[in-house]
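Novice: Got a structure for you, written out below as structure tokens; questions coming shortly.
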Amino acid sequence: ATRNAEPSVPYYTMTDAENIADFAGKKVRFQASLAEIPMAHMMRPSLNLSSKEEHLYLDPLPKYGFGQIVAYFKVDSFQRNMIRANRTYWVSGTVGSVSGAGKGGGTHTEHYLELEGVGLVRQ
């Protein structure tokens, strides 16, 4: 009898001008660089207290149509220096969201990435 391998979870490769909100809860990949100027973002509470968690600020390539995003990662999976300035990377992970009170009233929602993979884009 042939034993089936564990099915791999494919990452959807984002294309031009897609809305990151449409991918909440889904696995995606896109190209980004380390943000030179981190902007203010809503931060989500740490979900896993058993391992240390850190975050990076990523600037997706402009073609994607969404701005800077926070990428969370477990320190035992990645090191902070895995992404260096002035380089472009494929980043993959699961899109999440955090919501809270908006400055002008109502509810404000931001999206983040649970970082699961990083690969340098060959220039």
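Each chain in the structure tokens gets a letter, A, B and so on, in the order shown; residues start at 1 in every chain, and ligands are counted from 1 in the order they appear.
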Determine, counting only C-alpha atoms, which protein, DNA and RNA residues have an atom within 10 Å of an atom of Ala85 in chain A; residues of the same chain fewer than 6 positions away are not included. Present the result as a ChimeraX atom specification.
Specialist: /A:33-36
Novice: When DSSP works through the backbone of this structure, what residues of chain A end up as helix (DSSP H, G or I), shown as a list in words?
Specialist: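 So, restricting chain A to helix (DSSP H, G or I), we get Ile20, Ala21, Asp22, Phe23, Pro62, Lys63, Tyr64, Arg80, Asn81 and Met82 of chain A.
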Novice: Got a sec: who's within 12 Å of Gly102 in chain A, counting only C-alpha atoms, leaving out chain neighbours fewer than 5 positions off, as a VMD selection string?
Specialist: chain A and resid 41 to 42 107 to 110
Novice: Just write the chosen residues, all heavy atoms, as a compact mmCIF listing (two decimals), in the first residue's frame.
Specialist:
# COMPACT_ATOMS: atom_id res chain seq x y z
N HIS A 41 1.15 51.36 13.98
CA HIS A 41 0.19 50.31 13.65
C HIS A 41 -0.49 49.85 14.93
O HIS A 41 0.09 49.91 16.01
CB HIS A 41 0.89 49.10 13.02
CG HIS A 41 1.37 49.33 11.64
ND1 HIS A 41 0.57 49.14 10.54
CD2 HIS A 41 2.56 49.75 11.16
CE1 HIS A 41 1.25 49.44 9.45
NE2 HIS A 41 2.48 49.81 9.81
N MET A 42 -1.71 49.37 14.77
CA MET A 42 -2.36 48.69 15.89
C MET A 42 -1.61 47.37 16.07
O MET A 42 -1.31 46.69 15.10
CB MET A 42 -3.83 48.40 15.56
CG MET A 42 -4.68 49.64 15.41
SD MET A 42 -6.36 49.25 14.89
CE MET A 42 -6.96 48.37 16.31
N THR A 107 -15.08 51.76 13.94
CA THR A 107 -14.08 50.72 14.15
C THR A 107 -13.03 50.78 13.05
O THR A 107 -13.36 50.96 11.88
CB THR A 107 -14.75 49.32 14.13
OG1 THR A 107 -15.73 49.29 15.17
CG2 THR A 107 -13.74 48.22 14.37
N HIS A 108 -11.77 50.63 13.45
CA HIS A 108 -10.65 50.62 12.51
C HIS A 108 -10.06 49.22 12.51
O HIS A 108 -9.86 48.63 13.57
CB HIS A 108 -9.60 51.65 12.95
CG HIS A 108 -8.37 51.64 12.11
ND1 HIS A 108 -8.34 52.10 10.82
CD2 HIS A 108 -7.11 51.20 12.38
CE1 HIS A 108 -7.12 51.96 10.33
NE2 HIS A 108 -6.35 51.42 11.26
N THR A 109 -9.80 48.67 11.33
CA THR A 109 -9.21 47.34 11.21
C THR A 109 -7.92 47.42 10.41
O THR A 109 -7.86 48.09 9.39
CB THR A 109 -10.19 46.37 10.50
OG1 THR A 109 -11.39 46.29 11.27
CG2 THR A 109 -9.59 44.98 10.34
N GLU A 110 -6.89 46.75 10.91
CA GLU A 110 -5.62 46.62 10.19
C GLU A 110 -5.30 45.15 10.03
O GLU A 110 -5.70 44.32 10.85
CB GLU A 110 -4.49 47.30 10.96
CG GLU A 110 -4.55 48.80 10.92
CD GLU A 110 -3.30 49.45 11.49
OE1 GLU A 110 -2.27 48.77 11.66
OE2 GLU A 110 -3.37 50.66 11.76
Novice: How many Å lie between CA of Lys27 in chain A and CA of Gly117 in chain A, rounded to one decimal?
Specialist: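 Distance reported for this atom pair: 10.8 Å.
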Novice: Report as a ChimeraX atom specification all protein, DNA and RNA residues lying within 9 Å of Arg29 in chain A, evaluated on only C-alpha atoms, omitting residues in the same chain fewer than 2 positions from it.
Specialist: /A:11-14,27,31,90-94,117
Novice: Only C-alpha atoms, please: the residues just picked out, written as a CSV table (one decimal), in the first residue's frame.
Specialist:
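Here's the written file selection_32.csv:
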chain,number,residue,atom,x,y,z
A,11,TYR,CA,0.4,29.9,-0.6
A,12,TYR,CA,-1.6,32.1,-2.9
A,13,THR,CA,0.8,34.4,-4.8
A,14,MET,CA,-0.7,37.9,-4.7
A,27,LYS,CA,-2.1,31.8,3.3
A,31,GLN,CA,7.3,40.5,-2.3
A,90,TRP,CA,9.2,36.8,-1.0
A,91,VAL,CA,7.4,36.6,2.3
A,92,SER,CA,4.7,34.0,3.0
A,93,GLY,CA,2.3,33.5,5.9
A,94,THR,CA,-1.3,33.8,7.1
A,117,GLY,CA,8.5,31.8,5.2
Novice: Might you pull out every residue within 9 Å of Gly96 in chain A, with only C-alpha atoms counted and same-chain residues fewer than 6 positions away left off, and present them as an MDAnalysis selection string?
Specialist: chainID A and resid 21 23:26 110:114
Novice: So, counting only C-alpha atoms, which residue among A:Leu56, A:Ala71, A:Leu61, A:Val98 is closest to Arg84 in chain A?
Specialist: A:Leu56
Novice: Under the rule that only C-alpha atoms are counted, which of A:Phe30, A:Met43, A:Glu54, A:Pro10 is the nearest residue to Ser99 in chain A?
Specialist: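 Nearest to Ser99 in chain A: A:Met43.
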Novice: Suppose you want the space between CA of Val75 in chain A and CA of Thr15 in chain A; what is it in Å?
Specialist: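 Separation of CA of Val75 in chain A and CA of Thr15 in chain A: 29.2 Å.
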